[in-house]
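Structure file query14.cif (mmCIF, C-alpha atoms) follows.
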```
data_upload
#
loop_
_atom_site.label_atom_id
_atom_site.label_comp_id
_atom_site.auth_asym_id
_atom_site.auth_seq_id
_atom_site.Cartn_x
_atom_site.Cartn_y
_atom_site.Cartn_z
CA MET D 11 -30.21 -4.54 0.78
CA VAL D 12 -26.71 -5.80 0.15
CA ASN D 13 -25.28 -9.07 1.41
CA HIS D 14 -21.94 -9.58 3.05
CA TYR D 15 -20.02 -12.81 2.50
CA ILE D 16 -17.08 -13.84 4.65
CA PRO D 17 -15.84 -17.07 3.04
CA SER D 18 -13.41 -19.27 4.93
CA SER D 19 -11.66 -20.71 1.87
CA LEU D 20 -10.82 -19.66 -1.69
CA LYS D 21 -13.15 -22.37 -2.97
CA GLU D 22 -16.02 -20.91 -0.98
CA ALA D 23 -15.14 -17.39 -2.16
CA LEU D 24 -15.24 -18.53 -5.81
CA LYS D 25 -18.70 -20.04 -5.26
CA VAL D 26 -19.90 -16.76 -3.78
CA LEU D 27 -18.48 -14.81 -6.73
CA ASN D 28 -20.05 -17.24 -9.19
CA ASN D 29 -23.50 -16.48 -7.82
CA HIS D 30 -23.23 -12.83 -6.79
CA ASP D 31 -21.71 -9.68 -8.27
CA CYS D 32 -19.53 -8.50 -5.39
CA TYR D 33 -17.01 -5.92 -4.37
CA ILE D 34 -13.98 -7.91 -3.28
CA MET D 35 -12.68 -6.48 -0.01
CA ALA D 36 -9.05 -7.18 0.89
CA GLY D 37 -7.30 -4.61 3.11
CA GLY D 38 -10.09 -2.07 2.58
CA THR D 39 -7.75 0.90 2.24
CA ASP D 40 -9.28 2.07 -1.04
CA LEU D 41 -12.87 0.75 -0.82
CA MET D 42 -13.47 2.00 2.72
CA VAL D 43 -12.52 5.54 1.68
CA VAL D 44 -14.74 5.51 -1.39
CA LYS D 45 -17.77 3.99 0.39
CA HIS D 46 -17.47 5.96 3.64
CA GLN D 47 -20.40 8.22 4.47
CA LYS D 48 -20.23 9.83 7.91
CA SER D 49 -18.70 8.92 11.19
CA GLY D 50 -20.85 6.34 12.99
CA ILE D 51 -22.72 5.39 9.83
CA VAL D 52 -22.20 2.12 7.97
CA PRO D 53 -20.38 2.51 4.61
CA ASN D 54 -22.63 2.81 1.59
CA PHE D 55 -22.09 -0.33 -0.48
CA ASP D 56 -24.35 -0.49 -3.52
CA LYS D 57 -23.75 -4.19 -4.16
CA ASP D 58 -22.69 -7.29 -2.23
CA VAL D 59 -19.30 -7.50 -0.56
CA CYS D 60 -17.02 -10.52 -0.34
CA TYR D 61 -14.27 -10.29 2.32
CA ILE D 62 -11.05 -12.13 1.49
CA SER D 63 -8.63 -10.63 3.98
CA ASN D 64 -8.64 -13.70 6.23
CA LEU D 65 -7.95 -16.24 3.46
CA LYS D 66 -4.51 -17.56 4.41
CA GLU D 67 -4.26 -19.53 1.17
CA LEU D 68 -3.91 -16.23 -0.73
CA GLN D 69 -1.04 -15.05 1.48
CA TYR D 70 2.29 -16.34 0.18
CA ILE D 71 5.45 -15.39 -1.68
CA TYR D 72 7.67 -17.97 -3.34
CA GLU D 73 10.01 -18.21 -6.30
CA ASP D 74 10.68 -20.90 -8.84
CA GLU D 75 12.75 -21.05 -12.02
CA GLN D 76 10.36 -18.78 -13.89
CA GLY D 77 9.95 -16.01 -11.35
CA VAL D 78 8.36 -14.77 -8.16
CA HIS D 79 4.79 -15.64 -7.22
CA ILE D 80 2.94 -13.33 -4.84
CA GLY D 81 -0.45 -14.42 -3.46
CA ALA D 82 -3.13 -11.79 -3.96
CA GLY D 83 -3.82 -11.55 -0.22
CA THR D 84 -0.19 -10.74 0.64
CA LYS D 85 0.13 -7.41 2.42
CA PHE D 86 2.51 -4.73 1.13
CA VAL D 87 4.56 -4.98 4.33
CA ASP D 88 5.37 -8.63 3.65
CA ILE D 89 6.31 -7.91 0.03
CA GLU D 90 8.52 -5.00 1.17
CA ASN D 91 10.33 -7.25 3.67
CA SER D 92 10.70 -10.25 1.36
CA MET D 93 14.19 -11.38 0.32
CA ILE D 94 13.05 -12.64 -3.09
CA VAL D 95 10.93 -9.77 -4.42
CA PRO D 96 12.74 -7.56 -7.00
CA ASP D 97 14.37 -4.49 -5.42
CA LEU D 98 12.44 -2.15 -7.71
CA LEU D 99 9.11 -3.25 -6.22
CA LYS D 100 10.44 -3.05 -2.68
CA GLN D 101 11.67 0.48 -3.34
CA ILE D 102 8.27 1.47 -4.76
CA ILE D 103 6.42 -0.03 -1.79
CA HIS D 104 8.74 1.68 0.69
CA GLU D 105 7.53 5.05 -0.63
CA LEU D 106 3.90 4.02 -0.94
CA ALA D 107 1.30 5.41 1.51
CA SER D 108 2.29 4.92 5.18
CA PRO D 109 3.45 2.04 7.40
CA ASN D 110 -0.08 1.42 8.73
CA ILE D 111 -1.53 1.23 5.25
CA ARG D 112 1.29 -1.06 4.11
CA ASN D 113 0.34 -3.32 7.05
CA MET D 114 -3.23 -3.55 5.73
CA ALA D 115 -3.21 -3.13 1.96
CA THR D 116 -2.43 -5.68 -0.75
CA MET D 117 -0.68 -5.21 -4.09
CA ALA D 118 -3.54 -7.04 -5.82
CA GLY D 119 -5.84 -4.39 -4.37
CA ASN D 120 -3.62 -1.63 -5.73
CA ILE D 121 -3.89 -3.29 -9.17
CA ALA D 122 -7.65 -3.92 -9.01
CA ASN D 123 -8.28 -0.34 -7.91
CA ALA D 124 -6.69 0.65 -11.24
CA SER D 125 -5.93 4.22 -10.27
CA PRO D 126 -3.65 6.04 -12.76
CA ALA D 127 -1.64 6.93 -9.63
CA GLY D 128 -1.26 3.35 -8.39
CA ASP D 129 2.48 3.21 -7.74
CA SER D 130 3.04 -0.55 -7.64
CA ILE D 131 1.36 -0.89 -11.05
CA VAL D 132 4.20 1.04 -12.72
CA GLY D 133 6.82 -1.38 -11.41
CA LEU D 134 4.70 -4.35 -12.44
CA TYR D 135 4.37 -3.01 -16.01
CA LEU D 136 8.13 -2.60 -16.16
CA LEU D 137 8.76 -6.16 -14.97
CA ASP D 138 6.20 -7.77 -17.35
CA ALA D 139 4.05 -9.00 -14.47
CA LYS D 140 1.13 -11.31 -15.12
CA LEU D 141 -1.98 -11.88 -13.05
CA GLU D 142 -3.55 -15.24 -12.43
CA LEU D 143 -7.31 -14.88 -12.38
CA VAL D 144 -9.38 -17.79 -11.12
CA ASN D 145 -13.05 -18.69 -11.11
CA VAL D 146 -14.98 -21.87 -10.30
CA ASN D 147 -14.05 -23.36 -13.67
CA GLY D 148 -10.32 -22.71 -13.78
CA SER D 149 -7.73 -20.02 -14.21
CA ARG D 150 -6.18 -17.73 -16.81
CA LEU D 151 -2.97 -15.74 -16.90
CA VAL D 152 -3.30 -12.12 -18.05
CA PRO D 153 -0.44 -9.64 -18.61
CA ILE D 154 -1.00 -6.60 -16.39
CA GLU D 155 -1.28 -4.25 -19.38
CA LYS D 156 -4.18 -6.35 -20.70
CA PHE D 157 -5.83 -6.37 -17.27
CA ILE D 158 -5.93 -2.63 -16.64
CA LEU D 159 -8.24 -1.10 -19.23
CA GLY D 160 -8.61 2.46 -18.01
CA VAL D 161 -9.26 4.60 -14.97
CA ARG D 162 -10.73 2.13 -12.44
CA LYS D 163 -11.55 -0.27 -15.28
CA ILE D 164 -10.21 -3.80 -15.18
CA ALA D 165 -10.69 -7.00 -17.16
CA ARG D 166 -11.91 -9.02 -14.18
CA LYS D 167 -15.11 -10.89 -14.87
CA SER D 168 -17.53 -10.76 -11.97
CA ASN D 169 -16.98 -14.43 -11.10
CA GLU D 170 -13.19 -14.06 -11.05
CA ILE D 171 -10.69 -13.12 -8.42
CA ILE D 172 -6.99 -12.23 -8.68
CA LYS D 173 -5.26 -15.21 -7.12
CA GLU D 174 -1.65 -14.39 -7.79
CA ILE D 175 0.77 -11.84 -9.19
CA PHE D 176 3.59 -13.43 -11.16
CA ILE D 177 6.82 -11.56 -11.83
CA PRO D 178 9.28 -13.19 -14.24
CA HIS D 179 12.95 -13.12 -13.23
CA HIS D 180 15.02 -10.23 -14.60
CA ASP D 181 18.25 -10.87 -12.77
CA ASP D 182 20.44 -8.66 -14.95
CA LEU D 183 18.11 -5.69 -15.21
CA ASN D 184 19.29 -2.49 -13.54
CA THR D 185 16.33 -0.51 -12.29
CA TYR D 186 15.54 3.12 -11.53
CA TRP D 187 12.55 4.61 -9.68
CA ARG D 188 11.30 8.15 -9.20
CA LYS D 189 8.15 9.25 -7.45
CA VAL D 190 7.17 12.89 -7.43
CA GLY D 191 4.59 13.91 -4.85
CA SER D 192 3.86 16.77 -2.49
CA ARG D 193 5.55 15.13 0.48
CA ALA D 194 7.71 12.12 1.23
CA ALA D 195 5.08 9.86 2.79
CA GLU D 196 1.37 9.37 2.10
CA SER D 197 1.52 11.22 -1.12
CA ILE D 198 -0.60 10.43 -4.14
CA SER D 199 1.81 10.65 -7.03
CA LYS D 200 1.97 13.56 -9.45
CA VAL D 201 4.37 11.65 -11.70
CA THR D 202 6.08 8.29 -11.30
CA PHE D 203 8.68 6.64 -13.50
CA ALA D 204 10.25 3.21 -13.46
CA GLY D 205 13.17 2.49 -15.75
CA GLY D 206 15.12 -0.65 -16.49
CA TYR D 207 18.24 -1.30 -18.54
CA GLN D 208 20.91 -3.83 -19.25
CA VAL D 209 24.17 -2.98 -20.99
CA GLU D 210 26.70 -5.53 -22.25
CA ASP D 211 30.05 -4.50 -23.75
CA GLY D 212 28.78 -0.97 -24.26
CA VAL D 213 25.66 -2.12 -26.12
CA VAL D 214 22.11 -1.68 -24.82
CA LYS D 215 20.64 -5.17 -24.44
CA ASP D 216 17.44 -4.18 -22.70
CA LEU D 217 15.69 -0.87 -22.10
CA ARG D 218 12.33 -0.30 -20.42
CA MET D 219 10.48 2.87 -19.49
CA ALA D 220 7.17 3.06 -17.63
CA PHE D 221 5.32 6.17 -16.45
CA GLY D 222 2.50 6.49 -13.93
CA SER D 223 0.06 9.35 -13.21
CA ILE D 224 0.50 10.92 -16.64
CA GLY D 225 -2.29 9.15 -18.54
CA VAL D 226 -5.35 6.99 -17.97
CA THR D 227 -3.17 3.93 -17.43
CA CYS D 228 0.50 3.32 -16.88
CA VAL D 229 2.38 4.12 -20.10
CA ARG D 230 5.02 1.82 -21.52
CA ASP D 231 5.82 1.99 -25.25
CA GLN D 232 7.67 -1.12 -26.34
CA LYS D 233 8.14 0.21 -29.90
CA ILE D 234 10.33 3.02 -28.57
CA GLU D 235 12.17 0.60 -26.31
CA GLN D 236 12.86 -1.74 -29.25
CA LYS D 237 14.31 1.15 -31.29
CA CYS D 238 16.88 1.75 -28.55
CA ILE D 239 17.88 -1.85 -27.99
CA GLY D 240 21.04 -2.62 -29.95
CA MET D 241 22.36 0.95 -29.82
CA THR D 242 25.68 1.58 -28.15
CA VAL D 243 25.44 3.64 -24.98
CA GLU D 244 27.06 6.49 -26.90
CA GLU D 245 24.39 6.32 -29.63
CA LEU D 246 21.70 6.16 -26.98
CA HIS D 247 23.00 9.32 -25.35
CA LYS D 248 23.19 11.09 -28.73
CA ASN D 249 19.57 10.09 -29.37
CA ILE D 250 18.15 11.33 -26.07
CA ASP D 251 16.27 14.19 -27.73
CA ASN D 252 14.72 11.82 -30.28
CA ILE D 253 13.66 9.38 -27.55
CA LEU D 254 12.13 12.21 -25.53
CA ASN D 255 10.32 13.40 -28.62
CA ASP D 256 8.97 9.91 -29.40
CA MET D 257 7.91 9.39 -25.80
CA SER D 258 6.28 12.82 -25.50
CA LYS D 259 3.34 11.64 -27.66
CA ASN D 260 2.46 9.14 -24.94
CA ILE D 261 2.59 11.61 -22.08
CA THR D 262 -0.93 12.97 -21.74
CA PRO D 263 -1.35 14.21 -18.17
CA ILE D 264 -4.32 16.10 -16.79
CA THR D 265 -4.65 19.00 -14.37
CA ASP D 266 -6.28 18.01 -11.09
CA GLN D 267 -6.09 18.99 -7.42
CA ARG D 268 -2.60 17.50 -7.10
CA SER D 269 -0.83 19.08 -10.04
CA THR D 270 -1.10 20.67 -13.46
CA LYS D 271 -0.65 18.99 -16.82
CA GLU D 272 2.20 21.34 -17.70
CA TYR D 273 4.11 20.52 -14.51
CA ARG D 274 3.57 16.79 -14.94
CA TYR D 275 4.68 16.84 -18.57
CA LYS D 276 7.84 18.82 -17.84
CA VAL D 277 8.79 16.70 -14.84
CA ALA D 278 8.11 13.44 -16.70
CA MET D 279 10.45 14.54 -19.50
CA ASN D 280 13.14 15.65 -17.05
CA ILE D 281 13.03 12.31 -15.25
CA LEU D 282 13.25 10.38 -18.52
CA LYS D 283 16.26 12.46 -19.55
CA ASP D 284 17.93 11.80 -16.21
CA PHE D 285 17.28 8.07 -16.51
CA LEU D 286 18.77 7.88 -20.01
CA ASN D 287 21.82 9.81 -18.83
CA VAL D 288 22.32 7.41 -15.93
CA ILE D 289 22.73 4.46 -18.30
CA GLU D 290 26.35 3.55 -18.82
CA MET C 17 -25.96 -8.44 10.45
CA GLU C 18 -23.32 -11.07 11.04
CA LYS C 19 -21.87 -12.46 14.23
CA ILE C 20 -18.31 -11.25 14.51
CA SER C 21 -15.94 -11.92 17.35
CA PHE C 22 -12.47 -10.68 18.18
CA TYR C 23 -10.35 -9.92 21.22
CA LEU C 24 -10.25 -6.39 22.57
CA ASN C 25 -7.49 -5.64 25.06
CA GLY C 26 -7.36 -9.32 25.96
CA LYS C 27 -11.10 -9.96 26.33
CA GLN C 28 -13.27 -11.69 23.78
CA VAL C 29 -15.98 -9.53 22.22
CA LYS C 30 -18.95 -10.94 20.25
CA LEU C 31 -21.10 -8.61 18.21
CA ALA C 32 -24.00 -8.89 15.79
CA ILE C 33 -23.01 -6.21 13.32
CA ASP C 34 -22.79 -5.15 9.67
CA PRO C 35 -19.38 -6.56 8.62
CA SER C 36 -18.50 -3.42 6.67
CA THR C 37 -18.74 -1.21 9.78
CA ARG C 38 -15.52 0.67 10.37
CA LEU C 39 -13.52 -0.79 13.24
CA LEU C 40 -13.13 2.82 14.42
CA ASP C 41 -16.91 3.17 14.91
CA VAL C 42 -17.17 -0.25 16.55
CA LEU C 43 -14.46 0.68 19.05
CA ARG C 44 -15.67 4.19 19.83
CA ILE C 45 -19.44 3.83 19.66
CA ARG C 46 -20.21 0.20 20.53
CA LEU C 47 -17.30 -0.49 22.87
CA HIS C 48 -16.63 3.01 24.25
CA MET C 49 -12.90 2.98 23.51
CA THR C 50 -12.71 6.73 22.99
CA GLY C 51 -8.92 6.80 23.17
CA VAL C 52 -9.13 5.78 19.51
CA LYS C 53 -9.44 9.14 17.77
CA GLU C 54 -11.04 10.02 14.47
CA GLY C 55 -9.04 12.63 12.60
CA CYS C 56 -9.33 12.54 8.84
CA GLY C 57 -11.39 9.37 8.45
CA GLU C 58 -9.51 8.44 5.27
CA GLY C 59 -6.27 6.87 6.40
CA GLU C 60 -4.04 9.93 6.24
CA CYS C 61 -3.57 10.99 9.86
CA GLY C 62 -3.06 7.85 11.98
CA ALA C 63 -5.04 9.16 14.97
CA CYS C 64 -7.23 6.04 14.83
CA SER C 65 -4.26 3.63 14.98
CA VAL C 66 -4.82 0.40 16.89
CA LEU C 67 -2.68 -2.71 17.21
CA VAL C 68 -4.09 -5.69 15.31
CA ASP C 69 -2.15 -8.86 16.12
CA GLY C 70 0.76 -6.61 17.08
CA VAL C 71 0.91 -4.34 14.02
CA CYS C 72 -0.68 -0.92 13.60
CA TYR C 73 -3.80 -0.53 11.46
CA ASN C 74 -5.79 2.57 10.69
CA SER C 75 -9.12 1.57 12.25
CA CYS C 76 -11.00 4.05 10.05
CA LEU C 77 -10.16 1.96 6.96
CA THR C 78 -10.68 -1.45 8.55
CA PRO C 79 -14.03 -3.14 8.04
CA VAL C 80 -14.77 -5.06 11.22
CA ALA C 81 -14.98 -8.29 9.17
CA ASN C 82 -11.20 -8.04 8.67
CA VAL C 83 -10.41 -8.43 12.38
CA MET C 84 -12.44 -11.58 13.05
CA GLY C 85 -10.55 -13.71 15.55
CA LYS C 86 -7.73 -11.17 15.87
CA HIS C 87 -6.31 -9.46 18.94
CA ILE C 88 -6.89 -5.72 19.05
CA VAL C 89 -5.11 -3.45 21.50
CA THR C 90 -6.19 0.17 21.90
CA ILE C 91 -4.46 2.80 24.02
CA GLU C 92 -6.84 1.83 26.87
CA GLY C 93 -5.40 -1.69 26.89
CA PHE C 94 -1.83 -0.62 26.20
CA ARG C 95 -1.73 1.84 29.10
CA THR C 96 -1.69 -1.01 31.62
CA THR C 97 1.73 -2.18 30.35
CA LYS C 98 5.17 -1.09 31.51
CA GLN C 99 6.11 -0.35 27.91
CA TYR C 100 3.36 2.28 27.90
CA ARG C 101 4.76 3.85 31.06
CA ILE C 102 8.21 4.19 29.52
CA ILE C 103 6.92 5.73 26.30
CA ALA C 104 4.46 8.03 28.12
CA ASP C 105 7.17 9.26 30.51
CA ALA C 106 9.50 10.03 27.62
CA PHE C 107 6.70 11.90 25.82
CA ALA C 108 6.13 13.95 28.99
CA ASP C 109 9.84 14.67 29.46
CA PHE C 110 10.23 15.98 25.93
CA GLY C 111 6.91 17.82 25.61
CA ALA C 112 5.95 15.39 22.86
CA SER C 113 2.23 15.77 23.51
CA GLN C 114 0.44 19.10 23.31
CA CYS C 115 -3.24 18.93 22.38
CA GLY C 116 -3.00 15.15 22.72
CA PHE C 117 -5.22 14.17 19.82
CA CYS C 118 -2.49 12.36 17.87
CA THR C 119 -0.84 10.94 20.99
CA PRO C 120 -2.61 7.54 21.25
CA GLY C 121 -1.68 6.80 17.63
CA MET C 122 1.86 8.11 18.10
CA ILE C 123 2.40 5.94 21.18
CA LEU C 124 1.07 2.78 19.55
CA ASN C 125 3.19 3.36 16.45
CA ALA C 126 6.24 4.07 18.62
CA TYR C 127 5.63 0.79 20.41
CA ALA C 128 5.18 -1.13 17.13
CA LEU C 129 8.54 0.26 15.99
CA LEU C 130 10.51 -0.34 19.20
CA LYS C 131 9.15 -3.87 19.62
CA ASN C 132 10.81 -4.94 16.34
CA ASN C 133 13.69 -2.48 16.32
CA PRO C 134 14.75 -1.43 19.85
CA HIS C 135 17.53 0.87 18.58
CA PRO C 136 16.10 2.72 15.59
CA SER C 137 17.97 5.52 13.84
CA GLU C 138 16.35 8.94 13.62
CA GLU C 139 15.41 8.19 10.02
CA GLU C 140 13.76 4.93 11.01
CA VAL C 141 11.75 6.73 13.69
CA ARG C 142 10.60 9.34 11.19
CA ILE C 143 9.61 6.65 8.68
CA ALA C 144 7.72 4.71 11.37
CA LEU C 145 5.74 7.83 12.26
CA SER C 146 5.28 9.01 8.67
CA GLY C 147 1.60 8.02 8.74
CA ASN C 148 0.85 9.90 11.97
CA LEU C 149 0.16 13.60 11.65
CA CYS C 150 0.71 16.05 14.50
CA ARG C 151 -0.25 19.70 14.09
CA CYS C 152 1.21 20.92 17.41
CA THR C 153 4.70 19.68 18.09
CA GLY C 154 6.43 19.91 14.73
CA TYR C 155 7.43 16.27 15.32
CA ASN C 156 10.93 16.92 16.68
CA ALA C 157 9.87 16.49 20.32
CA ILE C 158 8.19 13.18 19.49
CA VAL C 159 11.21 11.89 17.58
CA LYS C 160 13.55 12.94 20.41
CA ALA C 161 11.36 11.17 22.98
CA ILE C 162 11.49 7.92 21.03
CA LEU C 163 15.24 8.20 20.41
CA GLU C 164 15.74 8.72 24.15
CA ILE C 165 13.91 5.44 24.83
CA ALA C 166 15.97 3.75 22.14
CA GLU C 167 19.15 4.93 23.85
CA LYS C 168 18.07 3.57 27.22
CA GLY C 169 18.17 0.15 25.68
CA ASP C 170 16.14 -2.98 25.42
CA ILE C 171 15.23 -3.47 29.06
CA VAL C 172 11.59 -3.88 28.21
CA TRP C 173 11.26 -4.69 24.53
#
```
Please express the file's structure as structure tokens.
Amino acid sequence: MVNHYIPSSLKEALKVLNNHDCYIMAGGTDLMVVKHQKSGIVPNFDKDVCYISNLKELQYIYEDEQGVHIGAGTKFVDIENSMIVPDLLKQIIHELASPNIRNMATMAGNIANASPAGDSIVGLYLLDAKLELVNVNGSRLVPIEKFILGVRKIARKSNEIIKEIFIPHHDDLNTYWRKVGSRAAESISKVTFAGGYQVEDGVVKDLRMAFGSIGVTCVRDQKIEQKCIGMTVEELHKNIDNILNDMSKNITPITDQRSTKEYRYKVAMNILKDFLNVIE
Amino acid sequence: MEKISFYLNGKQVKLAIDPSTRLLDVLRIRLHMTGVKEGCGEGECGACSVLVDGVCYNSCLTPVANVMGKHIVTIEGFRTTKQYRIIADAFADFGASQCGFCTPGMILNAYALLKNNPHPSEEEVRIALSGNLCRCTGYNAIVKAILEIAEKGDIVW
């Protein structure tokens, strides 16, 4: 027998989580698919459920000097329509799922679901996003790459909840996004890539490359990025084959019902090449 | 079982129910709103679309706990409005409904679009309907019907 908790404040939710190991239900767009049995039959939850979708105090977006703060209960549609959210994320969200699902689902849910094909995660890796996790005792800030541990594995302790997604400002970063799927809308990605760069006086000042759907987690290799920073654009273009070669060791896709590993690998490399060529 | 209340087509509903029950099942089985259709049951097809506080949700993915205190409109409630009449007439004129299974979801999504954007471009219409699958019409008739309404102007929106 599982219990269902519908707290009316964050404080109450944290108390619930402190005493019970729960699934945290926000929009439900992932959990309700996984736990669905048959039409007319109640979903099959194997442990308690805590519903946070009605907690207004988790629904906000604001910016300060450091960056943009997005409350964990904020729906994708509100992030997509925000004036202060980085364009890269808005572009990713615009191609994510369908309008109805963007009305329901949260970005924090996309993160906590920790699917290798979670599109918003790739943008958040690229932008050095951090998550604020809270419990009854206090809070901690965790970089997203330390939070996502593997396929559907996250570093959330059972008494914690994601309260906020923090995205530092990157005002001068040019960004690039590619999603490859079977159709334009509602497609679960075969390969995704987010790129970022900044060039000053012909010299690469910043370079970032993040892939989704080609490994157990999003892949971003800062050692390779560091090697490229400081090169002139001309040197960067001459080194494209070396960069592809370095990056290829990180690209470890699998074959599943959506695509094959060979296709994913080839497409990932082609996109990376295109991105590096775009830089000027 | 929890006590959960919300508004359905303007009337308050109070139920003692498992909070994880799909809104789709609550509407169809408990409340007999069979205009809400179940297609895929996993959020891909949009046949189960309902308006929740004015925006479209897939009711198959919505645990009933998430709509506590909210206003839900199904096609049964929407069909009493003049906006429904305009959309339904345009669908009829353009042959935008064949088997009819996707139609309630299509109409509610068309309304959700036109309410906020009375003069959408063709691309905007196609994006707004990108979560609603239709296996009969090939979509063009539906898009044309909505564009026709958009052209007529904002008399009703």
Picked residues, the PyMOL selection byres ((chain D) within 8 of (chain C)), as a PDB file with C-alpha atoms, keeping the file's coordinate frame:
```
ATOM      1  CA  HIS D  14     -21.940  -9.580   3.050  1.00  0.00           C
ATOM      2  CA  ILE D  16     -17.080 -13.840   4.650  1.00  0.00           C
ATOM      3  CA  GLY D  37      -7.300  -4.610   3.110  1.00  0.00           C
ATOM      4  CA  GLY D  38     -10.090  -2.070   2.580  1.00  0.00           C
ATOM      5  CA  THR D  39      -7.750   0.900   2.240  1.00  0.00           C
ATOM      6  CA  MET D  42     -13.470   2.000   2.720  1.00  0.00           C
ATOM      7  CA  VAL D  43     -12.520   5.540   1.680  1.00  0.00           C
ATOM      8  CA  SER D  49     -18.700   8.920  11.190  1.00  0.00           C
ATOM      9  CA  GLY D  50     -20.850   6.340  12.990  1.00  0.00           C
ATOM     10  CA  ILE D  51     -22.720   5.390   9.830  1.00  0.00           C
ATOM     11  CA  VAL D  52     -22.200   2.120   7.970  1.00  0.00           C
ATOM     12  CA  PRO D  53     -20.380   2.510   4.610  1.00  0.00           C
ATOM     13  CA  TYR D  61     -14.270 -10.290   2.320  1.00  0.00           C
ATOM     14  CA  SER D  63      -8.630 -10.630   3.980  1.00  0.00           C
ATOM     15  CA  ASN D  64      -8.640 -13.700   6.230  1.00  0.00           C
ATOM     16  CA  ALA D 107       1.300   5.410   1.510  1.00  0.00           C
ATOM     17  CA  SER D 108       2.290   4.920   5.180  1.00  0.00           C
ATOM     18  CA  PRO D 109       3.450   2.040   7.400  1.00  0.00           C
ATOM     19  CA  ASN D 110      -0.080   1.420   8.730  1.00  0.00           C
ATOM     20  CA  ILE D 111      -1.530   1.230   5.250  1.00  0.00           C
ATOM     21  CA  ASN D 113       0.340  -3.320   7.050  1.00  0.00           C
ATOM     22  CA  MET D 114      -3.230  -3.550   5.730  1.00  0.00           C
ATOM     23  CA  ALA D 195       5.080   9.860   2.790  1.00  0.00           C
ATOM     24  CA  GLU D 196       1.370   9.370   2.100  1.00  0.00           C
TER      25      GLU D 196
END
```
Legend entry - Within-12 Å shell of (-2.1, -13.7, -16.1) in input frame, all atoms listed in the file, as number ranges by chain: D: 79, 138-144, 149-158, 165-166, 171-178
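Distances from C:Cys64, C:Gln114, C:His87, C:Thr50 to Phe22 in chain C were compared using all atoms listed in the file, and the smallest one belongs to C:His87.
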Legend entry - One-decimal distance in Å that lies between CA of Val52 in chain C and CA of Thr119 in chain C: 9.9 Å
Inset, instruction - Enumerate, as number ranges by chain, the protein, DNA and RNA residues whose atoms approach (19.9, 3.7, 17.6) to within 12 Å, taking into account only C-alpha atoms and the coordinate frame of the file. - result: C: 129-130, 133-141, 159-160, 162-170
Legend entry - Atomic separation - CA of His179 in chain D relative to CA of Gly212 in chain D, Å: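 Spanning CA of Gly212 in chain D to CA of His179 in chain D is a straight-line distance of 22.8 Å.
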Inset, instruction - Tell me, in Å to one decimal, how far CA of Asn147 in chain D is from CA of Glu170 in chain D. - result: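 We find that CA of Asn147 in chain D and CA of Glu170 in chain D lie 9.7 Å from each other.
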Chain and number of each residue from the PyMOL selection byres ((chain D and resi 168) around 10), as a PDB file with C-alpha atoms, keeping the file's coordinate frame:
```pdb
ATOM      1  CA  LEU D  27     -18.480 -14.810  -6.730  1.00  0.00           C
ATOM      2  CA  ASN D  28     -20.050 -17.240  -9.190  1.00  0.00           C
ATOM      3  CA  ASN D  29     -23.500 -16.480  -7.820  1.00  0.00           C
ATOM      4  CA  HIS D  30     -23.230 -12.830  -6.790  1.00  0.00           C
ATOM      5  CA  ASP D  31     -21.710  -9.680  -8.270  1.00  0.00           C
ATOM      6  CA  CYS D  32     -19.530  -8.500  -5.390  1.00  0.00           C
ATOM      7  CA  TYR D  33     -17.010  -5.920  -4.370  1.00  0.00           C
ATOM      8  CA  ILE D  34     -13.980  -7.910  -3.280  1.00  0.00           C
ATOM      9  CA  ASN D 145     -13.050 -18.690 -11.110  1.00  0.00           C
ATOM     10  CA  ALA D 165     -10.690  -7.000 -17.160  1.00  0.00           C
ATOM     11  CA  ARG D 166     -11.910  -9.020 -14.180  1.00  0.00           C
ATOM     12  CA  LYS D 167     -15.110 -10.890 -14.870  1.00  0.00           C
ATOM     13  CA  ASN D 169     -16.980 -14.430 -11.100  1.00  0.00           C
ATOM     14  CA  GLU D 170     -13.190 -14.060 -11.050  1.00  0.00           C
ATOM     15  CA  ILE D 171     -10.690 -13.120  -8.420  1.00  0.00           C
TER      16      ILE D 171
END
```
Inset, instruction - Could you list the residues chosen by the PyMOL selection byres ((chain C and resi 112) around 7) in this structure as an MDAnalysis selection string? - result: chainID C and resid 107:108 110:111 113:114 153 157:158 161
Legend entry - D:Gly225, D:Pro17, D:Pro96, D:Gly83 ranked by distance to Val201 in chain D, top pick (using only C-alpha atoms): D:Gly225
Inset, instruction - Rank D:Tyr135, D:Phe285, D:Tyr275, D:Trp187 by their smallest atom-to-atom distance to Val229 in chain D, using only C-alpha atoms, and report the top residue only. - result: D:Tyr135
Legend entry - Long-range neighbours of Leu47 in chain C as a ChimeraX atom specification, 12 Å cut-off, all atoms listed in the file, 5 positions minimum in chain: /C:23-25,27-31,39-42,52,90,92
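Here the question is which of D:Thr116, D:Thr242, D:Thr227, D:Asn123 gets nearest to Gln208 in chain D using all atoms listed in the file, and that residue is D:Thr242.
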